[in-house]
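Quick notes on the structure that follows.
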Amino acid sequence: MSTREQIKQWMQENGGFVCARCGAGLEDGDYDWVDQEAWCRSCLDERGPDEEAVEGMLVELIRTAECEDATYGDVDLSGASVNTFEQACLLTRDRGVVLRLPGGQEFQITIVQSKGAF
């Protein structure tokens with residue numbers, strides 16, 4: 001059982017749980033996890049994009065470029081593939097993407113949020 005699952009199970013067995021940021025009571029499914037802490041939807045909205053959101057945006061941007069047969073300088077993205085670190089089964093807790101070009105080159109782009117919204 002993952003740490004998140006253990007926390008969720010313990011909290012449910014002990015009368016529910018609250019947002020780690022604002023203290024609001026949380027209903028099942030009315031929260032998400034931020035660094036092993038449960039946050040309510042309001043706090044998540046105020047927080048703005050996180051590493052996971054930026055990761056998703058990069059994947060979509062690269063996949064869109066693939067479909068458009070885009071070339072940027074010496075980089076031809078037609079026939080390229082892109083996956084998240086998780087999809088590529090990399091053993092890391094970092095967020096990021098793996099870009100594989102048709103010529104066999106592979107690039108790993110790590111995403112680290114260096115400053116938050118608050």
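Residues in the structure tokens are numbered from 1 in each chain, the chains being A, B, ... in the order shown, and ligands are numbered from 1 in the order shown.
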Original post:
What lies within 12 Å of range 58-65 of chain A using only C-alpha atoms, ignoring chain neighbours under 2 positions off, as a VMD selection string?
Top reply: chain A and resid 51 to 56 67 to 72 75 to 85 87 95 to 101 109 to 111
**OP:** List every residue of chain A that DSSP, applied to the backbone of this structure, assigns to helix (DSSP H, G or I), and report them as a PyMOL selection string.
**Re:** chain A and resi 3-13+41-47+51-67
**OP:** Write out as a list of chain:residue names which residues come within 12 Å of Ala24 in chain A when counting only C-alpha atoms, dropping same-chain ones fewer than 2 positions away.
**Re:** A:Gly16, A:Phe17, A:Val18, A:Cys19, A:Ala20, A:Arg21, A:Cys22, A:Leu26, A:Glu27, A:Asp30, A:Tyr31, A:Ala38, A:Trp39, A:Cys40, A:Arg41, A:Ser42, A:Cys43
Subject >> Residues of chain A in strand (DSSP E or B), written as a count of residues only >> reply: 32
**OP:** Calculate how many Å separate CA of Asp94 in chain A from CA of Gly73 in chain A, rounding to one decimal.
**Re:** 28.3 Å
Original post:
At what distance in Å, to one decimal, does CA of Arg93 in chain A lie from CA of Met57 in chain A?
Top reply: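 Calculated distance between CA of Met57 in chain A and CA of Arg93 in chain A is 18.4 Å.
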